[in-house]
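**Student:** Here it is: the structure, laid out below.
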Amino acid sequence: MAGEIPVIAIDGPTASGKGTVAGRVAERLGWNLLDSGSIYRMVALSAFKRGVEVSDEAALVPLAAGLDARFEQGAILLDGEDVSVAVRREETGNAASRLAAHPRVREALLERQRAFLQAPGLVADGRDMGSVVFPHAPLKIFLTASVEARADRRYKQLIAKGLPANIDSLLHDLRERDARDTHRAVAPLRPCEDAVLLDTTRMSIDEAVRFVLDLAHDRGVA
Ligand code: DC
């Protein structure tokens, strides 16, 4: 039964390193990975492509419900086209954060996200993995870091990908996105009561991965 397949939910703000940590934990355990942020980002790309405004909830809902999104060997495909680079752009993330505030858009993406729950287990990365999508996850982590550390990480990530980046505008955008993701009415970004807080400001990725794996082992989740 799907309910018995273990889930490690890793939620937290943007650029906290949770995507990298989630990816490595999934790899180490041989589990599936859900990068839910990419799904919201793909809705944004699809909206750009079709000229739909991110404020237009009614137009976004069918677009989210019918999203032709695939994850294949590290590549992210939208309508069969490789969008792995475009999906990571800051403008895509900002638009995703805006459209993610619409309750009906979130609802339209719910089953698609739950379909990632396949044996032997799932590591799910996002904002509402522990609170809404997988509320029964046996291990929930809220992974965060200071806004300065996150801006610095995002800057390095973008530069490494050959994408444009500016540290001051990144700081500004991260603060704005944190406020939007935290204060929205539906599924706001906040730690669940049963989540373990992990502040990685002074931690390396390897240390954070080890922390999650140790906790999963200690709790008998993996
Ligand atoms: O994690 P990310 O930066 O790729 O996510 C992009 C935006 O998508 C984020 O600012 C808010 C939204 N999002 C969400 O609302 N719920 C999720 N589970 C994942 C992302």
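Residue numbering restarts at 1 in every chain; chains get A, B, ... in the order shown in the structure tokens, and ligands count up from 1 in that same order.
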Using only C-alpha atoms and all ligand atoms, what are the residues with an atom within 9 Å of ligand 1, set out as a PyMOL selection string?
**Tutor:** chain A and resi 11-16+18-19+35-41+87-88+90+92-101+106+113+124-129+132-133+174+177-178+180-181+187-189
**Student:** Find the residues near Val21 of chain A: any atom within 9 Å, counting only C-alpha atoms, skip ones fewer than 2 places away on the same chain, and give them as a VMD selection string.
**Tutor:** chain A and resid 10 17 to 19 23 to 26 205 to 206 208 to 209 212
**Student:** Can you write just those residues out, all heavy atoms, as a PDB file, in the first residue's frame?
**Tutor:**
ATOM      1  N   ILE A  10      11.486  17.184   3.123  1.00  0.00           N
ATOM      2  CA  ILE A  10      12.470  18.235   3.428  1.00  0.00           C
ATOM      3  C   ILE A  10      11.908  19.557   2.922  1.00  0.00           C
ATOM      4  O   ILE A  10      11.822  19.789   1.710  1.00  0.00           O
ATOM      5  CB  ILE A  10      13.849  17.933   2.791  1.00  0.00           C
ATOM      6  CG1 ILE A  10      14.340  16.537   3.226  1.00  0.00           C
ATOM      7  CG2 ILE A  10      14.858  19.020   3.159  1.00  0.00           C
ATOM      8  CD1 ILE A  10      15.743  16.170   2.755  1.00  0.00           C
ATOM      9  N   GLY A  17      19.658  25.065   0.307  1.00  0.00           N
ATOM     10  CA  GLY A  17      20.497  23.891   0.078  1.00  0.00           C
ATOM     11  C   GLY A  17      19.667  22.624   0.163  1.00  0.00           C
ATOM     12  O   GLY A  17      20.176  21.516  -0.007  1.00  0.00           O
ATOM     13  N   LYS A  18      18.362  22.771   0.404  1.00  0.00           N
ATOM     14  CA  LYS A  18      17.540  21.562   0.601  1.00  0.00           C
ATOM     15  C   LYS A  18      17.462  20.712  -0.653  1.00  0.00           C
ATOM     16  O   LYS A  18      17.376  19.501  -0.555  1.00  0.00           O
ATOM     17  CB  LYS A  18      16.160  21.912   1.150  1.00  0.00           C
ATOM     18  CG  LYS A  18      15.275  22.612   0.182  1.00  0.00           C
ATOM     19  CD  LYS A  18      14.023  23.116   0.859  1.00  0.00           C
ATOM     20  CE  LYS A  18      13.422  24.228   0.041  1.00  0.00           C
ATOM     21  NZ  LYS A  18      13.174  23.941  -1.381  1.00  0.00           N
ATOM     22  N   GLY A  19      17.508  21.354  -1.841  1.00  0.00           N
ATOM     23  CA  GLY A  19      17.455  20.587  -3.089  1.00  0.00           C
ATOM     24  C   GLY A  19      18.654  19.664  -3.211  1.00  0.00           C
ATOM     25  O   GLY A  19      18.514  18.475  -3.534  1.00  0.00           O
ATOM     26  N   GLY A  23      18.536  15.621  -2.885  1.00  0.00           N
ATOM     27  CA  GLY A  23      19.055  14.809  -3.992  1.00  0.00           C
ATOM     28  C   GLY A  23      20.081  13.799  -3.512  1.00  0.00           C
ATOM     29  O   GLY A  23      20.045  12.625  -3.886  1.00  0.00           O
ATOM     30  N   ARG A  24      20.973  14.245  -2.620  1.00  0.00           N
ATOM     31  CA  ARG A  24      22.031  13.330  -2.147  1.00  0.00           C
ATOM     32  C   ARG A  24      21.482  12.266  -1.215  1.00  0.00           C
ATOM     33  O   ARG A  24      21.925  11.116  -1.252  1.00  0.00           O
ATOM     34  CB  ARG A  24      23.134  14.114  -1.445  1.00  0.00           C
ATOM     35  CG  ARG A  24      23.800  15.048  -2.428  1.00  0.00           C
ATOM     36  CD  ARG A  24      25.289  15.064  -2.256  1.00  0.00           C
ATOM     37  NE  ARG A  24      25.801  16.188  -3.011  1.00  0.00           N
ATOM     38  CZ  ARG A  24      26.803  16.944  -2.638  1.00  0.00           C
ATOM     39  NH1 ARG A  24      27.420  16.688  -1.509  1.00  0.00           N
ATOM     40  NH2 ARG A  24      27.201  17.933  -3.380  1.00  0.00           N
ATOM     41  N   VAL A  25      20.520  12.657  -0.386  1.00  0.00           N
ATOM     42  CA  VAL A  25      19.919  11.670   0.529  1.00  0.00           C
ATOM     43  C   VAL A  25      19.213  10.598  -0.307  1.00  0.00           C
ATOM     44  O   VAL A  25      19.355   9.396  -0.056  1.00  0.00           O
ATOM     45  CB  VAL A  25      18.949  12.348   1.534  1.00  0.00           C
ATOM     46  CG1 VAL A  25      18.141  11.320   2.299  1.00  0.00           C
ATOM     47  CG2 VAL A  25      19.732  13.239   2.509  1.00  0.00           C
ATOM     48  N   ALA A  26      18.469  11.033  -1.326  1.00  0.00           N
ATOM     49  CA  ALA A  26      17.742  10.075  -2.182  1.00  0.00           C
ATOM     50  C   ALA A  26      18.730   9.129  -2.865  1.00  0.00           C
ATOM     51  O   ALA A  26      18.508   7.916  -2.936  1.00  0.00           O
ATOM     52  CB  ALA A  26      16.917  10.828  -3.224  1.00  0.00           C
ATOM     53  N   ILE A 205      27.321  20.843   2.959  1.00  0.00           N
ATOM     54  CA  ILE A 205      26.281  19.975   2.394  1.00  0.00           C
ATOM     55  C   ILE A 205      26.467  18.551   2.936  1.00  0.00           C
ATOM     56  O   ILE A 205      25.504  17.905   3.353  1.00  0.00           O
ATOM     57  CB  ILE A 205      26.362  19.968   0.839  1.00  0.00           C
ATOM     58  CG1 ILE A 205      25.960  21.334   0.286  1.00  0.00           C
ATOM     59  CG2 ILE A 205      25.529  18.846   0.239  1.00  0.00           C
ATOM     60  CD1 ILE A 205      24.491  21.665   0.368  1.00  0.00           C
ATOM     61  N   ASP A 206      27.732  18.091   2.970  1.00  0.00           N
ATOM     62  CA  ASP A 206      27.997  16.725   3.449  1.00  0.00           C
ATOM     63  C   ASP A 206      27.514  16.525   4.879  1.00  0.00           C
ATOM     64  O   ASP A 206      26.958  15.479   5.212  1.00  0.00           O
ATOM     65  CB  ASP A 206      29.496  16.409   3.378  1.00  0.00           C
ATOM     66  CG  ASP A 206      29.942  16.168   1.940  1.00  0.00           C
ATOM     67  OD1 ASP A 206      29.064  15.979   1.078  1.00  0.00           O
ATOM     68  OD2 ASP A 206      31.161  16.193   1.688  1.00  0.00           O
ATOM     69  N   ALA A 208      25.120  18.178   6.364  1.00  0.00           N
ATOM     70  CA  ALA A 208      23.655  18.195   6.385  1.00  0.00           C
ATOM     71  C   ALA A 208      23.100  16.841   5.909  1.00  0.00           C
ATOM     72  O   ALA A 208      22.150  16.308   6.487  1.00  0.00           O
ATOM     73  CB  ALA A 208      23.129  19.331   5.517  1.00  0.00           C
ATOM     74  N   VAL A 209      23.724  16.287   4.875  1.00  0.00           N
ATOM     75  CA  VAL A 209      23.296  14.982   4.349  1.00  0.00           C
ATOM     76  C   VAL A 209      23.458  13.915   5.436  1.00  0.00           C
ATOM     77  O   VAL A 209      22.567  13.107   5.682  1.00  0.00           O
ATOM     78  CB  VAL A 209      24.106  14.611   3.084  1.00  0.00           C
ATOM     79  CG1 VAL A 209      23.873  13.164   2.665  1.00  0.00           C
ATOM     80  CG2 VAL A 209      23.762  15.560   1.937  1.00  0.00           C
ATOM     81  N   VAL A 212      20.742  14.121   8.114  1.00  0.00           N
ATOM     82  CA  VAL A 212      19.441  13.571   7.697  1.00  0.00           C
ATOM     83  C   VAL A 212      19.502  12.046   7.655  1.00  0.00           C
ATOM     84  O   VAL A 212      18.590  11.365   8.151  1.00  0.00           O
ATOM     85  CB  VAL A 212      19.008  14.141   6.315  1.00  0.00           C
ATOM     86  CG1 VAL A 212      17.707  13.501   5.848  1.00  0.00           C
ATOM     87  CG2 VAL A 212      18.855  15.663   6.380  1.00  0.00           C
TER      88      VAL A 212
END
**Student:** Of the residues A:Arg89, A:Arg202, A:Arg114, A:His136, which is the one nearest to Ile8 of chain A, using only C-alpha atoms?
**Tutor:**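 Of A:Arg89, A:Arg202, A:Arg114, A:His136, the one nearest Ile8 of chain A is A:His136, counting only C-alpha atoms.
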**Student:** Check the smallest atom-to-atom distance from each of A:Met42, A:Ala119, A:Ala137, A:Leu63 to Glu91 of chain A using only C-alpha atoms, then report the winner.
**Tutor:**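 Nearest to Glu91 of chain A: A:Met42.
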**Student:** From a backbone DSSP assignment, name each residue in segment 30-213 of chain A labelled helix (DSSP H, G or I), as number ranges by chain.
**Tutor:** A: 36-50, 57-65, 86-88, 90-99, 103-114, 129-133, 147-160, 167-183, 205-213
**Student:** Rounded to one decimal in Å, what is the spacing between atom CA of Ala9 of chain A and atom CA of Phe134 of chain A?
**Tutor:** 7.4 Å
**Student:** Any idea what's packed within 8 Å of segment 158-161 of chain A, counting only C-alpha atoms, ignoring anything in its chain fewer than 3 positions away? Could you give it as a VMD selection string?
**Tutor:** chain A and resid 85 89 154 to 155 164 to 165
**Student:** For each of A:Leu163, A:Ala86, A:Ala108, A:Ala22, take the minimum atom-to-atom distance to Pro62 of chain A, counting only C-alpha atoms, then give the residue where this is smallest.
**Tutor:**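 Of the candidates, the smallest distance to Pro62 of chain A is held by A:Ala108.
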**Student:** Quick one, how far is atom CA of Val105 of chain A from atom CA of Asp56 of chain A?
**Tutor:**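 Separation of atom CA of Val105 of chain A and atom CA of Asp56 of chain A: 10.2 Å.
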**Student:** So which residues of segment 22-220 of chain A fall under strand (DSSP E) by DSSP, listed as a PyMOL selection string?
**Tutor:** chain A and resi 32-35+69-72+75-78+81-82+122-126+139-144+196-199
**Student:** I'd like to know which of A:Ala179, A:Leu34, A:Leu215, A:Leu109 is closest to Gly121 of chain A, using only C-alpha atoms.
**Tutor:**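 Among the listed residues, A:Leu34 lies closest to Gly121 of chain A.
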**Student:** Please, what distance in Å, to one decimal, runs between atom CA of Leu77 of chain A and atom CA of Arg184 of chain A?
**Tutor:** 28.7 Å
**Student:** Let me make sure I understand: among A:Ile141, A:Cys192, A:Leu197, A:Val83, which one has the smallest atom-to-atom distance to Val123 of chain A if we use only C-alpha atoms?
**Tutor:**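 Of A:Ile141, A:Cys192, A:Leu197, A:Val83, the one nearest Val123 of chain A is A:Ile141, counting only C-alpha atoms.
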**Student:** Can you tell me which residues surround Phe116 of chain A at a distance of at most 8 Å, considering only C-alpha atoms, apart from same-chain residues fewer than 4 positions away, and format the answer as a PDB file with N, CA and C atoms, in the first residue's frame?
**Tutor:**
ATOM      1  N   ASN A  32      13.395   7.415  -4.556  1.00  0.00           N
ATOM      2  CA  ASN A  32      12.951   8.387  -5.553  1.00  0.00           C
ATOM      3  C   ASN A  32      13.031   9.797  -4.970  1.00  0.00           C
ATOM      4  N   LEU A  33      13.061  10.755  -5.880  1.00  0.00           N
ATOM      5  CA  LEU A  33      13.174  12.159  -5.464  1.00  0.00           C
ATOM      6  C   LEU A  33      12.040  12.969  -6.077  1.00  0.00           C
ATOM      7  N   LEU A  34      11.406  13.786  -5.256  1.00  0.00           N
ATOM      8  CA  LEU A  34      10.434  14.750  -5.783  1.00  0.00           C
ATOM      9  C   LEU A  34      10.977  16.145  -5.516  1.00  0.00           C
ATOM     10  N   ARG A 112      -0.270  14.902  -8.828  1.00  0.00           N
ATOM     11  CA  ARG A 112       0.966  14.733  -9.598  1.00  0.00           C
ATOM     12  C   ARG A 112       2.161  14.545  -8.648  1.00  0.00           C
ATOM     13  N   LEU A 122      10.662   7.688  -0.786  1.00  0.00           N
ATOM     14  CA  LEU A 122      10.676   8.982  -1.468  1.00  0.00           C
ATOM     15  C   LEU A 122      11.287  10.056  -0.580  1.00  0.00           C
TER      16      LEU A 122
END
**Student:** Identify which of the residues A:Lys156, A:His217, A:Arg104, A:Lys140 lies closest to Glu193 of chain A, counting only C-alpha atoms when measuring atom-to-atom distances.
**Tutor:**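 Using only C-alpha atoms, the shortest distance to Glu193 of chain A belongs to A:Lys140.
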